[in-house]
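File shown here: entry_36.cif, holding mmCIF, C-alpha atoms.
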data_work
loop_
_atom_site.label_atom_id
_atom_site.label_comp_id
_atom_site.auth_asym_id
_atom_site.auth_seq_id
_atom_site.Cartn_x
_atom_site.Cartn_y
_atom_site.Cartn_z
CA GLU H 1 64.63 91.37 141.07
CA GLU H 2 66.38 94.74 141.42
CA LEU H 3 68.07 93.65 144.64
CA GLU H 4 69.27 90.45 143.03
CA SER H 5 70.72 92.48 140.16
CA LEU H 6 72.37 94.76 142.75
CA ARG H 7 73.95 91.77 144.50
CA THR H 8 75.56 90.55 141.26
CA LEU H 9 76.56 94.03 140.04
CA PRO H 10 80.07 94.19 141.57
CA THR H 11 81.01 90.82 140.05
CA ARG H 12 79.57 91.75 136.68
CA LEU H 13 81.41 95.06 136.64
CA GLU H 14 84.71 93.45 137.63
CA PHE H 15 84.29 90.94 134.82
CA LEU H 16 83.57 93.70 132.29
CA ILE H 17 86.62 95.69 133.40
CA GLN H 18 88.87 92.67 132.83
CA GLN H 19 87.75 92.23 129.23
CA LYS H 20 90.26 93.22 126.56
CA ASP H 21 87.76 93.64 123.74
CA VAL H 22 85.09 95.91 125.18
CA ALA H 23 83.32 98.88 123.62
CA VAL H 24 83.04 102.33 125.16
CA SER H 25 79.26 102.03 124.87
CA GLN H 26 79.29 98.91 127.06
CA LEU H 27 81.31 100.66 129.73
CA GLU H 28 79.13 103.76 129.63
CA GLU H 29 76.04 101.58 129.99
CA ALA H 30 77.71 99.91 133.00
CA GLN H 31 78.33 103.33 134.57
CA ARG H 32 74.66 104.23 134.11
CA GLU H 33 73.63 100.98 135.76
CA LEU H 34 76.02 101.66 138.64
CA ARG H 35 74.53 105.12 139.23
CA THR H 36 71.01 103.70 139.08
CA MET H 37 71.66 100.77 141.41
CA GLU H 38 73.83 102.43 144.09
CA PRO H 39 70.88 104.13 145.88
CA LEU H 40 69.34 100.68 146.37
CA VAL H 41 72.19 99.57 148.64
CA GLY H 42 70.27 101.08 151.55
CA MET H 43 67.56 98.47 151.05
CA LEU H 44 69.98 95.69 151.97
CA GLN H 45 70.46 94.59 155.56
CA GLY H 46 73.44 94.36 157.90
CA GLU H 47 76.66 92.84 156.63
CA GLU H 48 75.32 92.39 153.13
CA ARG H 49 74.73 96.15 152.83
CA LYS H 50 78.29 96.87 153.98
CA LYS H 51 79.74 94.20 151.67
CA ILE H 52 77.90 95.33 148.54
CA GLY H 53 78.44 99.02 149.34
CA ARG H 54 82.17 98.52 149.81
CA ALA H 55 82.41 96.44 146.61
CA LEU H 56 80.70 99.17 144.60
CA GLU H 57 82.95 101.83 146.11
CA GLU H 58 85.98 99.81 145.03
CA VAL H 59 84.77 99.05 141.53
CA ARG H 60 83.62 102.62 140.70
CA PRO H 61 87.08 104.16 140.08
CA LYS H 62 88.21 101.08 138.21
CA LEU H 63 85.19 101.28 135.93
CA PHE H 64 85.78 105.00 135.36
CA GLY H 65 89.46 104.39 134.59
CA LYS H 66 88.66 101.55 132.18
CA THR H 67 86.11 103.74 130.39
CA GLN H 68 88.65 106.54 129.96
CA GLU H 69 91.29 104.10 128.77
CA VAL H 70 89.04 102.50 126.16
CA ARG H 71 87.66 105.88 125.04
CA GLU H 72 91.15 107.28 124.49
CA ALA H 73 92.23 104.14 122.64
CA ALA H 74 89.15 104.39 120.43
CA GLU H 75 89.91 108.03 119.68
CA TRP H 76 93.52 107.25 118.74
CA THR H 77 92.34 104.35 116.61
CA GLY H 78 89.83 106.64 114.93
CA PHE H 79 92.51 109.20 114.08
CA ALA H 80 94.77 106.45 112.71
CA HIS H 81 91.87 105.17 110.63
CA LEU H 82 91.28 108.65 109.23
CA ALA H 83 94.80 108.69 107.83
CA ALA H 84 94.33 105.18 106.43
CA GLN H 85 91.08 106.19 104.75
CA GLU H 86 92.77 109.19 103.17
CA ARG H 87 95.35 106.84 101.66
CA LEU H 88 92.66 104.47 100.42
CA ILE H 89 90.84 107.35 98.73
CA GLY H 90 94.03 108.04 96.79
CA GLU H 91 94.24 104.37 95.86
CA ILE H 92 90.62 104.13 94.70
CA GLU H 93 91.09 107.28 92.61
CA ALA H 94 94.10 105.64 90.95
CA ALA H 95 92.21 102.35 90.50
CA ALA H 96 89.41 104.21 88.73
CA ALA H 97 91.93 105.23 86.06
CA VAL H 98 93.13 101.66 85.43
CA GLU H 99 91.91 100.59 82.00
CA ASN H 100 92.32 96.81 82.36
CA PRO H 101 89.03 95.65 83.96
CA ASP H 102 90.51 92.57 85.61
CA SER H 103 93.30 94.58 87.22
CA ALA H 104 90.87 97.31 88.26
CA ALA H 105 88.51 94.72 89.78
CA ASN H 106 91.33 93.15 91.78
CA LYS H 107 92.38 96.55 93.10
CA LEU H 108 88.79 97.44 93.95
CA ARG H 109 88.26 94.24 95.96
CA ASP H 110 91.50 94.78 97.86
CA ILE H 111 90.73 98.42 98.64
CA GLU H 112 87.18 97.68 99.79
CA THR H 113 88.46 94.93 102.08
CA ARG H 114 91.00 97.26 103.66
CA TRP H 115 88.40 100.02 104.01
CA THR H 116 86.22 97.75 106.16
CA GLU H 117 89.21 97.27 108.47
CA VAL H 118 89.49 101.03 109.12
CA ARG H 119 85.82 102.00 108.97
CA LYS H 120 85.62 103.19 112.60
CA VAL H 121 86.41 106.92 112.52
CA PRO H 122 85.02 110.13 114.08
CA LYS H 123 81.56 110.61 112.58
CA ASP H 124 81.87 114.10 111.06
CA GLN H 125 85.17 113.48 109.30
CA GLY H 126 84.16 109.93 108.45
CA GLU H 127 81.07 111.04 106.53
CA GLU H 128 83.08 113.41 104.36
CA LEU H 129 85.75 110.77 103.64
CA TRP H 130 83.05 108.23 102.79
CA ARG H 131 81.56 110.66 100.27
CA LYS H 132 84.96 111.11 98.64
CA PHE H 133 85.61 107.37 98.61
CA THR H 134 82.26 106.48 97.03
CA SER H 135 82.61 109.29 94.47
CA PHE H 136 85.44 107.24 92.92
CA ARG H 137 84.26 103.75 93.88
CA ASP H 138 80.69 103.90 92.60
CA PRO H 139 81.49 104.91 88.97
CA LEU H 140 84.30 102.32 88.91
CA ARG H 141 82.00 99.61 90.23
CA LYS H 142 79.36 100.56 87.64
CA ARG H 143 81.91 100.42 84.80
CA LEU H 144 83.20 97.03 85.93
CA ASN H 145 79.72 95.60 86.42
CA GLU H 146 78.76 96.62 82.89
CA PHE H 147 81.98 95.21 81.45
CA PHE H 148 81.73 91.86 83.20
CA ALA H 149 78.04 91.51 82.37
CA LYS H 150 78.88 92.07 78.69
CA ARG H 151 81.82 89.67 78.83
CA THR H 152 79.71 87.00 80.52
CA ALA H 153 77.09 87.30 77.76
CA GLU H 154 79.81 87.07 75.08
CA GLN H 155 81.34 84.01 76.72
CA LYS H 156 77.95 82.35 76.95
CA GLU H 157 77.33 82.95 73.24
CA ALA H 158 80.86 81.78 72.36
CA LYS H 159 80.30 78.57 74.34
CA LYS H 160 77.09 77.90 72.44
CA LYS H 161 78.73 78.42 69.03
CA LYS H 162 81.80 76.33 69.92
CA GLU H 163 79.58 73.48 71.06
CA GLU H 164 77.86 73.68 67.66
CA LEU H 165 81.27 73.44 65.96
CA ILE H 166 82.09 70.38 68.10
CA VAL H 167 78.86 68.71 66.95
CA ARG H 168 79.78 69.41 63.32
CA ALA H 169 83.30 68.08 63.89
CA GLU H 170 81.94 64.88 65.42
CA GLY H 171 79.62 64.62 62.42
CA LEU H 172 82.59 64.72 60.03
CA VAL H 173 84.30 61.89 61.91
CA GLY H 174 81.08 59.92 62.09
CA ALA H 175 80.71 60.11 58.30
CA VAL H 176 84.13 58.55 57.65
CA GLY H 177 83.86 55.42 55.52
CA GLU H 178 85.19 53.70 52.42
CA GLY H 179 84.00 56.46 50.13
CA THR H 180 85.29 59.34 52.23
CA ASP H 181 86.66 62.28 50.30
CA TRP H 182 89.69 62.86 52.53
CA LYS H 183 90.70 66.11 50.88
CA LYS H 184 87.23 67.59 51.27
CA GLY H 185 87.09 66.31 54.86
CA ALA H 186 90.43 67.95 55.65
CA ASP H 187 89.22 71.21 54.11
CA ASP H 188 85.99 71.00 56.16
CA PHE H 189 87.98 70.57 59.35
CA LYS H 190 90.22 73.50 58.48
CA ASN H 191 87.12 75.61 57.89
CA LEU H 192 85.80 74.62 61.32
CA GLN H 193 89.13 75.54 62.85
CA ASN H 194 89.04 78.93 61.14
CA GLU H 195 85.50 79.52 62.46
CA TRP H 196 86.70 78.57 65.96
CA ARG H 197 89.50 81.12 65.81
CA THR H 198 87.04 83.94 65.07
CA LEU H 199 85.13 83.31 68.29
CA PRO H 200 86.05 84.91 71.63
CA SER H 201 86.97 82.89 74.69
CA SER H 202 84.21 81.05 76.51
CA GLY H 203 85.87 81.77 79.84
CA LYS H 204 86.11 78.93 82.32
CA HIS H 205 84.70 76.48 79.74
CA GLU H 206 87.40 77.14 77.18
CA LYS H 207 89.87 74.41 78.17
CA ASP H 208 87.22 71.69 78.10
CA LEU H 209 85.79 72.90 74.80
CA ILE H 210 89.21 72.92 73.16
CA LEU H 211 89.79 69.31 74.16
CA ARG H 212 86.37 68.29 72.90
CA PHE H 213 86.95 70.08 69.59
CA LYS H 214 90.45 68.70 69.16
CA SER H 215 89.39 65.09 69.73
CA PRO H 216 87.35 64.55 66.52
CA ALA H 217 89.95 66.44 64.48
CA ASP H 218 92.72 64.20 65.82
CA ARG H 219 90.69 61.08 65.09
CA PHE H 220 89.90 62.24 61.54
CA PHE H 221 93.48 63.10 60.63
CA ALA H 222 94.76 59.91 62.26
CA ALA H 223 92.36 57.89 60.09
CA ARG H 224 93.37 59.91 57.01
CA LYS H 225 97.05 59.26 57.75
CA THR H 226 96.39 55.52 58.01
CA VAL H 227 94.55 55.45 54.67
CA ILE H 228 97.32 57.39 52.94
CA ALA H 229 99.95 55.07 54.44
CA ASP H 230 98.01 52.01 53.21
CA LEU H 231 97.74 53.50 49.70
CA CYS H 232 101.44 54.24 49.62
CA ALA H 233 102.21 50.70 50.75
CA ALA H 234 99.94 49.27 48.07
CA VAL H 235 101.59 51.36 45.35
CA SER H 236 105.06 50.35 46.54
CA ALA H 237 104.04 46.67 46.43
#
Once you've parsed the file, please lay out its structure as structure tokens.
Amino acid sequence: EELESLRTLPTRLEFLIQQKDVAVSQLEEAQRELRTMEPLVGMLQGEERKKIGRALEEVRPKLFGKTQEVREAAEWTGFAHLAAQERLIGEIEAAAAVENPDSAANKLRDIETRWTEVRKVPKDQGEELWRKFTSFRDPLRKRLNEFFAKRTAEQKEAKKKKEELIVRAEGLVGAVGEGTDWKKGADDFKNLQNEWRTLPSSGKHEKDLILRFKSPADRFFAARKTVIADLCAAVSA
């Protein structure tokens, strides 16, 4: 099994070296495997030993060069990310001072997304920057979570009360008949409308609820208008 792995090692290393997206850890692991497997070349026979030995000799400097290249690129990327994280810390500090919860939440989501894109930094400096970042982010997140939880509860209660008003409005329309007191009915609808205005928004349900509340009111006042028009016509006759 070890000899079979040795036979495929040059090809596997060449393939790894050609990869554009490869981690330093992968290359370092490949170097360790190369050092471990090279002494086994002597166990091969004849031309195969020469072929594998020569292939490993050729791939060794290329693997070392690739490792150095990727390590240096990672270091430069890390330093660039440090600067980006410093800027994001300034942004999260400013976002924490934004009073409007919706605006603050939008800023928080954007900043957190961009932080994930620059999260790879040198460990020591990265830990300190993370502490600074979370010192502003965590209280902001807590404040927003509390606000949105409260708003969600208020919207849920508003939805319930508005649905009750819709039922009452439908009841007023359903009671329309020959003996309807149109003035009292109009006053009742106006009272319902006044109650509606005192309630907060129900959030995403608001548009639908408004249409459902408006429908019985429109039907009532349309019927009232028709009755008044008929009375006027009768008087004129």
What does the distance between CA of Phe133 in chain H and CA of Ile89 in chain H come to in Å, to one decimal place?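 CA of Ile89 in chain H lies at a distance of 5.2 Å from CA of Phe133 in chain H.
Shortest separation to Val176 in chain H among H:Arg119, H:Lys204, H:Arg224, H:Arg197 occurs at residue H:Arg224, atoms counted being only C-alpha atoms.
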Go ahead and find all residues with at least one atom no further than 12 Å from (87.9, 74.5, 62.6) in the file's coordinates, using all atoms listed in the file; report them as number ranges by chain. H: 161-170, 172, 185-199, 210, 213-218
Residues just named, written with C-alpha atoms as a JSON list (two decimals), in the frame of the given file:
[["chain", "number", "residue", "atom", "x", "y", "z"],
["H", 161, "LYS", "CA", 78.73, 78.42, 69.03],
["H", 162, "LYS", "CA", 81.80, 76.33, 69.92],
["H", 163, "GLU", "CA", 79.58, 73.48, 71.06],
["H", 164, "GLU", "CA", 77.86, 73.68, 67.66],
["H", 165, "LEU", "CA", 81.27, 73.44, 65.96],
["H", 166, "ILE", "CA", 82.09, 70.38, 68.10],
["H", 167, "VAL", "CA", 78.86, 68.71, 66.95],
["H", 168, "ARG", "CA", 79.78, 69.41, 63.32],
["H", 169, "ALA", "CA", 83.30, 68.08, 63.89],
["H", 170, "GLU", "CA", 81.94, 64.88, 65.42],
["H", 172, "LEU", "CA", 82.59, 64.72, 60.03],
["H", 185, "GLY", "CA", 87.09, 66.31, 54.86],
["H", 186, "ALA", "CA", 90.43, 67.95, 55.65],
["H", 187, "ASP", "CA", 89.22, 71.21, 54.11],
["H", 188, "ASP", "CA", 85.99, 71.00, 56.16],
["H", 189, "PHE", "CA", 87.98, 70.57, 59.35],
["H", 190, "LYS", "CA", 90.22, 73.50, 58.48],
["H", 191, "ASN", "CA", 87.12, 75.61, 57.89],
["H", 192, "LEU", "CA", 85.80, 74.62, 61.32],
["H", 193, "GLN", "CA", 89.13, 75.54, 62.85],
["H", 194, "ASN", "CA", 89.04, 78.93, 61.14],
["H", 195, "GLU", "CA", 85.50, 79.52, 62.46],
["H", 196, "TRP", "CA", 86.70, 78.57, 65.96],
["H", 197, "ARG", "CA", 89.50, 81.12, 65.81],
["H", 198, "THR", "CA", 87.04, 83.94, 65.07],
["H", 199, "LEU", "CA", 85.13, 83.31, 68.29],
["H", 210, "ILE", "CA", 89.21, 72.92, 73.16],
["H", 213, "PHE", "CA", 86.95, 70.08, 69.59],
["H", 214, "LYS", "CA", 90.45, 68.70, 69.16],
["H", 215, "SER", "CA", 89.39, 65.09, 69.73],
["H", 216, "PRO", "CA", 87.35, 64.55, 66.52],
["H", 217, "ALA", "CA", 89.95, 66.44, 64.48],
["H", 218, "ASP", "CA", 92.72, 64.20, 65.82]]
Rounded to one decimal, what separation in Å do you get between CA of Leu56 in chain H and CA of Ala73 in chain H? 25.3 Å
Which residues are near range 201-203 of chain H? Cut-off 9 Å, all atoms listed in the file, ignore same chain within fewer than 3 positions. Put them as a ChimeraX atom specification. /H:151-152,154-160,162,206-207,209
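Note that CA of Glu28 in chain H and CA of Ala55 in chain H are 18.8 Å apart.
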With a distance cut-off of 10 Å and all atoms listed in the file, select the neighbouring residues of Leu40 in chain H, excluding the residue or stretch itself and same-chain residues fewer than 5 positions from it, and output the selection as a VMD selection string. chain H and resid 2 to 3 6 35 49 53
I need the residue nearest Ala175 in chain H from this list: H:Ala223, H:Ala149, H:Ala97, H:Ile111. Use only C-alpha atoms for the distance. H:Ala223
Would you pick out the contacts of range 14-18 of chain H at 7 Å or less, using all atoms listed in the file, so that residues sharing its chain but fewer than 6 positions from it are not included, and give the list as an MDAnalysis selection string? chainID H and resid 59 63 66
Selection result of the PyMOL selection byres ((chain H and resi 95) around 10) on this file, as a ChimeraX atom specification: /H:89-94,96-101,103-108,111,136-137,140
Range 171-183 of chain H from the block above: all heavy atoms written as a PDB file, in the first residue's frame:
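Below you can see out_14.pdb, which holds the result:
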ATOM      1  N   GLY H 171     -70.720  42.807  10.357  1.00  0.00           N
ATOM      2  CA  GLY H 171     -71.992  42.675  11.077  1.00  0.00           C
ATOM      3  C   GLY H 171     -72.919  43.847  10.803  1.00  0.00           C
ATOM      4  O   GLY H 171     -74.138  43.675  10.652  1.00  0.00           O
ATOM      5  N   LEU H 172     -72.356  45.057  10.718  1.00  0.00           N
ATOM      6  CA  LEU H 172     -73.169  46.241  10.419  1.00  0.00           C
ATOM      7  C   LEU H 172     -73.776  46.140   9.020  1.00  0.00           C
ATOM      8  O   LEU H 172     -74.943  46.488   8.805  1.00  0.00           O
ATOM      9  CB  LEU H 172     -72.316  47.505  10.532  1.00  0.00           C
ATOM     10  CG  LEU H 172     -71.871  47.907  11.949  1.00  0.00           C
ATOM     11  CD1 LEU H 172     -70.967  49.132  11.894  1.00  0.00           C
ATOM     12  CD2 LEU H 172     -73.095  48.196  12.835  1.00  0.00           C
ATOM     13  N   VAL H 173     -72.994  45.670   8.060  1.00  0.00           N
ATOM     14  CA  VAL H 173     -73.520  45.517   6.697  1.00  0.00           C
ATOM     15  C   VAL H 173     -74.571  44.426   6.655  1.00  0.00           C
ATOM     16  O   VAL H 173     -75.612  44.557   5.996  1.00  0.00           O
ATOM     17  CB  VAL H 173     -72.379  45.183   5.711  1.00  0.00           C
ATOM     18  CG1 VAL H 173     -72.941  44.903   4.323  1.00  0.00           C
ATOM     19  CG2 VAL H 173     -71.389  46.327   5.642  1.00  0.00           C
ATOM     20  N   GLY H 174     -74.295  43.339   7.390  1.00  0.00           N
ATOM     21  CA  GLY H 174     -75.239  42.221   7.391  1.00  0.00           C
ATOM     22  C   GLY H 174     -76.585  42.579   8.005  1.00  0.00           C
ATOM     23  O   GLY H 174     -77.595  41.931   7.710  1.00  0.00           O
ATOM     24  N   ALA H 175     -76.600  43.598   8.845  1.00  0.00           N
ATOM     25  CA  ALA H 175     -77.846  43.990   9.522  1.00  0.00           C
ATOM     26  C   ALA H 175     -78.670  44.992   8.719  1.00  0.00           C
ATOM     27  O   ALA H 175     -79.750  45.407   9.143  1.00  0.00           O
ATOM     28  CB  ALA H 175     -77.516  44.582  10.893  1.00  0.00           C
ATOM     29  N   VAL H 176     -78.146  45.403   7.541  1.00  0.00           N
ATOM     30  CA  VAL H 176     -78.871  46.373   6.723  1.00  0.00           C
ATOM     31  C   VAL H 176     -80.190  45.784   6.234  1.00  0.00           C
ATOM     32  O   VAL H 176     -80.248  44.652   5.756  1.00  0.00           O
ATOM     33  CB  VAL H 176     -77.996  46.815   5.519  1.00  0.00           C
ATOM     34  CG1 VAL H 176     -78.836  47.604   4.518  1.00  0.00           C
ATOM     35  CG2 VAL H 176     -76.828  47.659   6.008  1.00  0.00           C
ATOM     36  N   GLY H 177     -81.249  46.554   6.398  1.00  0.00           N
ATOM     37  CA  GLY H 177     -82.578  46.116   5.945  1.00  0.00           C
ATOM     38  C   GLY H 177     -83.497  47.308   5.811  1.00  0.00           C
ATOM     39  O   GLY H 177     -83.054  48.468   5.833  1.00  0.00           O
ATOM     40  N   GLU H 178     -84.778  47.036   5.702  1.00  0.00           N
ATOM     41  CA  GLU H 178     -85.757  48.124   5.508  1.00  0.00           C
ATOM     42  C   GLU H 178     -85.780  49.082   6.689  1.00  0.00           C
ATOM     43  O   GLU H 178     -86.011  50.279   6.522  1.00  0.00           O
ATOM     44  CB  GLU H 178     -87.148  47.532   5.264  1.00  0.00           C
ATOM     45  CG  GLU H 178     -87.274  46.806   3.935  1.00  0.00           C
ATOM     46  CD  GLU H 178     -88.710  46.353   3.686  1.00  0.00           C
ATOM     47  OE1 GLU H 178     -89.583  46.675   4.522  1.00  0.00           O
ATOM     48  OE2 GLU H 178     -88.949  45.671   2.683  1.00  0.00           O
ATOM     49  N   GLY H 179     -85.580  48.553   7.874  1.00  0.00           N
ATOM     50  CA  GLY H 179     -85.664  49.426   9.056  1.00  0.00           C
ATOM     51  C   GLY H 179     -84.337  49.967   9.515  1.00  0.00           C
ATOM     52  O   GLY H 179     -84.214  50.430  10.652  1.00  0.00           O
ATOM     53  N   THR H 180     -83.342  49.947   8.658  1.00  0.00           N
ATOM     54  CA  THR H 180     -82.003  50.388   9.057  1.00  0.00           C
ATOM     55  C   THR H 180     -81.980  51.870   9.398  1.00  0.00           C
ATOM     56  O   THR H 180     -82.527  52.698   8.666  1.00  0.00           O
ATOM     57  CB  THR H 180     -80.992  50.122   7.926  1.00  0.00           C
ATOM     58  OG1 THR H 180     -80.898  48.721   7.709  1.00  0.00           O
ATOM     59  CG2 THR H 180     -79.615  50.670   8.294  1.00  0.00           C
ATOM     60  N   ASP H 181     -81.372  52.149  10.558  1.00  0.00           N
ATOM     61  CA  ASP H 181     -81.144  53.541  10.946  1.00  0.00           C
ATOM     62  C   ASP H 181     -79.822  53.955  10.298  1.00  0.00           C
ATOM     63  O   ASP H 181     -78.736  53.678  10.825  1.00  0.00           O
ATOM     64  CB  ASP H 181     -81.068  53.647  12.475  1.00  0.00           C
ATOM     65  CG  ASP H 181     -80.922  55.093  12.950  1.00  0.00           C
ATOM     66  OD1 ASP H 181     -80.468  55.944  12.153  1.00  0.00           O
ATOM     67  OD2 ASP H 181     -81.238  55.361  14.116  1.00  0.00           O
ATOM     68  N   TRP H 182     -79.902  54.621   9.142  1.00  0.00           N
ATOM     69  CA  TRP H 182     -78.701  54.918   8.369  1.00  0.00           C
ATOM     70  C   TRP H 182     -77.770  55.890   9.072  1.00  0.00           C
ATOM     71  O   TRP H 182     -76.546  55.779   8.963  1.00  0.00           O
ATOM     72  CB  TRP H 182     -79.090  55.455   6.993  1.00  0.00           C
ATOM     73  CG  TRP H 182     -79.773  54.413   6.163  1.00  0.00           C
ATOM     74  CD1 TRP H 182     -81.103  54.285   5.916  1.00  0.00           C
ATOM     75  CD2 TRP H 182     -79.136  53.313   5.500  1.00  0.00           C
ATOM     76  NE1 TRP H 182     -81.372  53.187   5.127  1.00  0.00           N
ATOM     77  CE2 TRP H 182     -80.169  52.569   4.856  1.00  0.00           C
ATOM     78  CE3 TRP H 182     -77.829  52.876   5.372  1.00  0.00           C
ATOM     79  CZ2 TRP H 182     -79.912  51.420   4.113  1.00  0.00           C
ATOM     80  CZ3 TRP H 182     -77.573  51.737   4.632  1.00  0.00           C
ATOM     81  CH2 TRP H 182     -78.600  51.015   4.011  1.00  0.00           C
ATOM     82  N   LYS H 183     -78.346  56.819   9.831  1.00  0.00           N
ATOM     83  CA  LYS H 183     -77.489  57.759  10.552  1.00  0.00           C
ATOM     84  C   LYS H 183     -76.689  57.051  11.639  1.00  0.00           C
ATOM     85  O   LYS H 183     -75.490  57.246  11.784  1.00  0.00           O
ATOM     86  CB  LYS H 183     -78.328  58.860  11.173  1.00  0.00           C
ATOM     87  CG  LYS H 183     -77.480  59.919  11.905  1.00  0.00           C
ATOM     88  CD  LYS H 183     -78.317  61.005  12.496  1.00  0.00           C
ATOM     89  CE  LYS H 183     -77.448  62.081  13.138  1.00  0.00           C
ATOM     90  NZ  LYS H 183     -76.473  61.566  14.110  1.00  0.00           N
TER      91      LYS H 183
END
